[in-house]
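Engineer: My questions will all concern the structure given below.
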Amino acid sequence: MDEAFWQTRWARDQIGFHLDQVNPYLQRHCSALDLQPGARVLVPLCGKSMDLAWLAGQGYRVLGVELAQKAVEDFFAEHGLSAEVSQEGAFKVYRGGTMELYCGDFFALTAEQLGDCQALYDRAALIALPVEMRKRYAAHLQAILPSACRGLLITLDYQQSQMNGPPFAVTDGEVHELFGAGWQIETLERLDVLQGNWKFIKHNLQALDEVVYRLVKR
């Protein structure tokens with residue numbers, strides 16, 4: 001993960017990847033995780049996503065991880081939330097209500113910190129990473145998340161040679177290569193989203209799919 005790149009993007013408010021609404025795939029497919037109220041949900045590379053507040057509003061405990069302190073502080077400020085801040089190992093942790101955001105390097109997370117985590121939600125983490133780091137990311141999730149953890153994974157699939165990332169293309173084959181050994185994988189939805197998506201059309205992409213997967217850790 002190029003820390004300087006992401007810190008600069010946040011410092012300059014170059015955050016075109018940030019959605020100013022709750023992700024519709026999360027709203028449509030969260031029920032597929034079959035979570036009980038109070039379940040703890042890990043959201044890696046969370047930024048200041050609206051999805052965090054939505055998940056908390058569904059009665060879940062949210063653990064977001066974000067490298068940029070500005071993103072974490074913006075999230076609490078924009079939602080009118082006060083946070084208790086503490087330093088816990090490698091992370092500066094912001095807590096408010098049922099929400100806790102860990103500011104620091106995702107790869108510093110430990111299995112002990114996630115022992116009671118029942119779910120994973122990844123809309124923007126895997127596709128933010130180059131190919132070699134995606135392998136490291138998947139291996140780290142395998143190492144730190146408990147068995148039976150369930151997840152929603154959202155990817156982009158396009159011809160990588162036609163555009164540089166991030167966001168990077170992640171094919172169905174790569175998802176199965178990264179997660180197939182340790183997770184059960186089910187495709188919930190695949191949608192062609194190229195039409196009207198000017199950020200991608202200007203790169204002359206021929207196709208652009210968003211894909212939603214349900215994962216269950218063995």
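Simple scheme: letters A, B, ... for chains in structure tokens order, numbers from 1 for residues in each chain, numbers from 1 for ligands in the order shown.
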Identify, on the basis of only C-alpha atoms, every residue whose closest approach to Cys103 of chain A does not exceed 9 Å; exclude the query and any residue fewer than 4 positions from it along the same chain; express the result as a list in words.

Structural biologist: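 So the residues in contact are Gly64, Val65, Glu66, Leu67, Ala68, Gln69, Val72, Ala90, Phe91, Lys92, Val93 and Tyr94 of chain A.
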
Engineer: Figure out the distance between atom CA of Gly151 of chain A and atom CA of Asp122 of chain A, please, to one decimal in Å.

Structural biologist: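 Between atom CA of Asp122 of chain A and atom CA of Gly151 of chain A the gap is 7.7 Å.
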
Engineer: Name all residues at most 9 Å from Leu35 of chain A (count only C-alpha atoms; drop same-chain ones fewer than 3 positions away) and give them as a ChimeraX atom specification.

Structural biologist: /A:30-32,38-39,60,118-119,150

Engineer: Excluding Thr187 of chain A and residues on its chain fewer than 2 positions from it, collect all residues at most 7 Å away from it, counting only C-alpha atoms, and give them as number ranges by chain.

Structural biologist: A: 185, 189, 212-214

Engineer: Keeping only N, CA and C atoms, write the selected residues as a PDB file, in the first residue's frame.

Structural biologist:
```
ATOM      1  N   ILE A 185     -17.357 -19.315  -1.871  1.00  0.00           N
ATOM      2  CA  ILE A 185     -17.601 -18.113  -2.672  1.00  0.00           C
ATOM      3  C   ILE A 185     -18.887 -18.291  -3.472  1.00  0.00           C
ATOM      4  N   GLU A 189     -24.390 -11.024  -7.571  1.00  0.00           N
ATOM      5  CA  GLU A 189     -24.857 -10.099  -8.604  1.00  0.00           C
ATOM      6  C   GLU A 189     -23.675  -9.676  -9.468  1.00  0.00           C
ATOM      7  N   VAL A 212     -20.720  -8.643  -7.036  1.00  0.00           N
ATOM      8  CA  VAL A 212     -20.903  -8.797  -5.594  1.00  0.00           C
ATOM      9  C   VAL A 212     -20.784 -10.278  -5.239  1.00  0.00           C
ATOM     10  N   TYR A 213     -19.912 -10.577  -4.285  1.00  0.00           N
ATOM     11  CA  TYR A 213     -19.694 -11.947  -3.829  1.00  0.00           C
ATOM     12  C   TYR A 213     -20.086 -12.089  -2.358  1.00  0.00           C
ATOM     13  N   ARG A 214     -20.604 -13.240  -2.024  1.00  0.00           N
ATOM     14  CA  ARG A 214     -20.796 -13.636  -0.625  1.00  0.00           C
ATOM     15  C   ARG A 214     -19.703 -14.628  -0.288  1.00  0.00           C
TER      16      ARG A 214
END
```

Engineer: Just want the 6 Å neighbourhood of segment 167-184 of chain A, counted on only C-alpha atoms, with same-chain residues fewer than 6 positions away dropped. Output as a ChimeraX atom specification.

Structural biologist: /A:127-128,156-158,160,215-218

Engineer: Could you tell me how far atom CA of Gln142 of chain A lies from atom CA of His29 of chain A, in Å and to one decimal?

Structural biologist: 22.2 Å

Engineer: Per residue of segment 75-169 of chain A within 12 Å of segment 20-27 of chain A, what are the shortest atom pair and its distance in Å to one decimal, counting only C-alpha atoms, with rows by chain and residue number, as a Markdown table?

Structural biologist:
```
| residue | atom | partner | partner_atom | distance |
| --- | --- | --- | --- | --- |
| A:Phe75 | CA | A:Asp20 | CA | 11.7 |
| A:Glu78 | CA | A:Asp20 | CA | 11.4 |
| A:Leu120 | CA | A:Leu26 | CA | 11.5 |
| A:Tyr121 | CA | A:Leu26 | CA | 8.4 |
| A:Asp122 | CA | A:Leu26 | CA | 9.7 |
| A:Arg123 | CA | A:Asn23 | CA | 8.4 |
| A:Ala124 | CA | A:Asn23 | CA | 10.8 |
| A:Gly151 | CA | A:Leu26 | CA | 10.8 |
| A:Leu152 | CA | A:Leu26 | CA | 7.8 |
| A:Leu153 | CA | A:Leu26 | CA | 9.5 |
| A:Ile154 | CA | A:Tyr25 | CA | 8.1 |
| A:Thr155 | CA | A:Tyr25 | CA | 11.1 |
```

Engineer: Dump N, CA and C atoms for the selected residues as a short mmCIF file (atom, residue, chain, number, x, y, z; two decimals), in the first residue's frame?

Structural biologist:
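Result saved to out.cif:
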```cif
data_model
loop_
_atom_site.label_atom_id
_atom_site.label_comp_id
_atom_site.auth_asym_id
_atom_site.auth_seq_id
_atom_site.Cartn_x
_atom_site.Cartn_y
_atom_site.Cartn_z
N PHE A 75 -15.13 11.70 9.04
CA PHE A 75 -16.31 10.87 9.23
C PHE A 75 -17.06 11.27 10.49
N GLU A 78 -18.58 14.86 10.10
CA GLU A 78 -19.69 14.98 9.15
C GLU A 78 -20.96 14.30 9.65
N LEU A 120 -17.37 -9.41 7.29
CA LEU A 120 -16.45 -8.57 6.53
C LEU A 120 -17.24 -7.87 5.44
N TYR A 121 -16.98 -6.57 5.27
CA TYR A 121 -17.58 -5.84 4.16
C TYR A 121 -16.48 -5.09 3.42
N ASP A 122 -16.27 -5.45 2.16
CA ASP A 122 -15.20 -4.85 1.36
C ASP A 122 -15.79 -4.31 0.06
N ARG A 123 -15.97 -2.99 0.02
CA ARG A 123 -16.39 -2.35 -1.22
C ARG A 123 -15.22 -1.73 -1.96
N ALA A 124 -14.21 -1.26 -1.22
CA ALA A 124 -13.18 -0.44 -1.85
C ALA A 124 -11.76 -0.81 -1.45
N GLY A 151 -18.80 -12.62 4.56
CA GLY A 151 -18.41 -11.36 3.96
C GLY A 151 -19.16 -11.01 2.69
N LEU A 152 -19.24 -9.70 2.44
CA LEU A 152 -19.65 -9.17 1.15
C LEU A 152 -18.43 -8.53 0.52
N LEU A 153 -18.12 -8.94 -0.68
CA LEU A 153 -16.99 -8.40 -1.44
C LEU A 153 -17.52 -7.83 -2.75
N ILE A 154 -17.18 -6.58 -3.03
CA ILE A 154 -17.61 -5.93 -4.27
C ILE A 154 -16.37 -5.60 -5.09
N THR A 155 -16.37 -6.04 -6.34
CA THR A 155 -15.20 -5.83 -7.20
C THR A 155 -15.60 -5.11 -8.49
#
```

Engineer: When DSSP is applied to the backbone of this structure, which of chain A are assigned alpha helix (DSSP H)? Write them out as a PyMOL selection string.

Structural biologist: chain A and resi 3-11+24-29+50-57+69-78+131-144+172-179+198-201

Engineer: Record the distance separating atom CA of Val211 of chain A and atom CA of Gly104 of chain A, expressed in Å with one decimal.

Structural biologist: 27.9 Å

Engineer: Tell me which of A:Leu114, A:Ser49, A:Leu109, A:Leu191 sits closest to Cys149 of chain A, counting only C-alpha atoms.

Structural biologist: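 Of A:Leu114, A:Ser49, A:Leu109, A:Leu191, the one nearest Cys149 of chain A, counting only C-alpha atoms, is A:Leu114.
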
Engineer: For Tyr137 of chain A, please output as a PyMOL selection string all residues within 9 Å (counting only C-alpha atoms; exclusion window: fewer than 5 positions along the same chain).

Structural biologist: chain A and resi 106-107+125-126+129+132+142

Engineer: Write the residues you've just listed into a file as a PDB file, in the first residue's frame, and include C-alpha atoms for each of them.

Structural biologist:
```
ATOM      1  CA  PHE A 106      -4.530  -2.569   7.893  1.00  0.00           C
ATOM      2  CA  PHE A 107      -1.722  -5.128   7.845  1.00  0.00           C
ATOM      3  CA  ALA A 125     -10.259  -2.290  -0.285  1.00  0.00           C
ATOM      4  CA  LEU A 126      -9.357  -5.121  -2.677  1.00  0.00           C
ATOM      5  CA  LEU A 129      -4.584  -2.570  -4.181  1.00  0.00           C
ATOM      6  CA  GLU A 132       0.838  -8.400  -5.412  1.00  0.00           C
ATOM      7  CA  GLN A 142      -7.377 -15.481   6.129  1.00  0.00           C
TER       8      GLN A 142
END
```

Engineer: Write out as a PDB file with N, CA and C atoms, in the first residue's frame which residues come within 7 Å of segment 201-207 of chain A when counting only C-alpha atoms, dropping same-chain ones fewer than 4 positions away.

Structural biologist:
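That gives us selection_20.pdb:
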```
ATOM      1  N   TYR A 158     -12.823  -5.227 -15.484  1.00  0.00           N
ATOM      2  CA  TYR A 158     -12.664  -4.578 -16.789  1.00  0.00           C
ATOM      3  C   TYR A 158     -11.301  -4.978 -17.350  1.00  0.00           C
ATOM      4  N   GLN A 162      -6.537  -1.406 -20.508  1.00  0.00           N
ATOM      5  CA  GLN A 162      -7.164  -0.205 -21.063  1.00  0.00           C
ATOM      6  C   GLN A 162      -7.152   0.979 -20.097  1.00  0.00           C
ATOM      7  N   MET A 163      -6.807   0.717 -18.822  1.00  0.00           N
ATOM      8  CA  MET A 163      -6.807   1.789 -17.836  1.00  0.00           C
ATOM      9  C   MET A 163      -5.933   1.403 -16.662  1.00  0.00           C
ATOM     10  N   LEU A 194     -20.990   0.351 -17.201  1.00  0.00           N
ATOM     11  CA  LEU A 194     -20.208   1.264 -18.030  1.00  0.00           C
ATOM     12  C   LEU A 194     -21.045   2.440 -18.530  1.00  0.00           C
ATOM     13  N   ASN A 197     -21.016   6.084 -17.069  1.00  0.00           N
ATOM     14  CA  ASN A 197     -19.939   6.221 -16.092  1.00  0.00           C
ATOM     15  C   ASN A 197     -18.759   6.918 -16.760  1.00  0.00           C
TER      16      ASN A 197
END
```
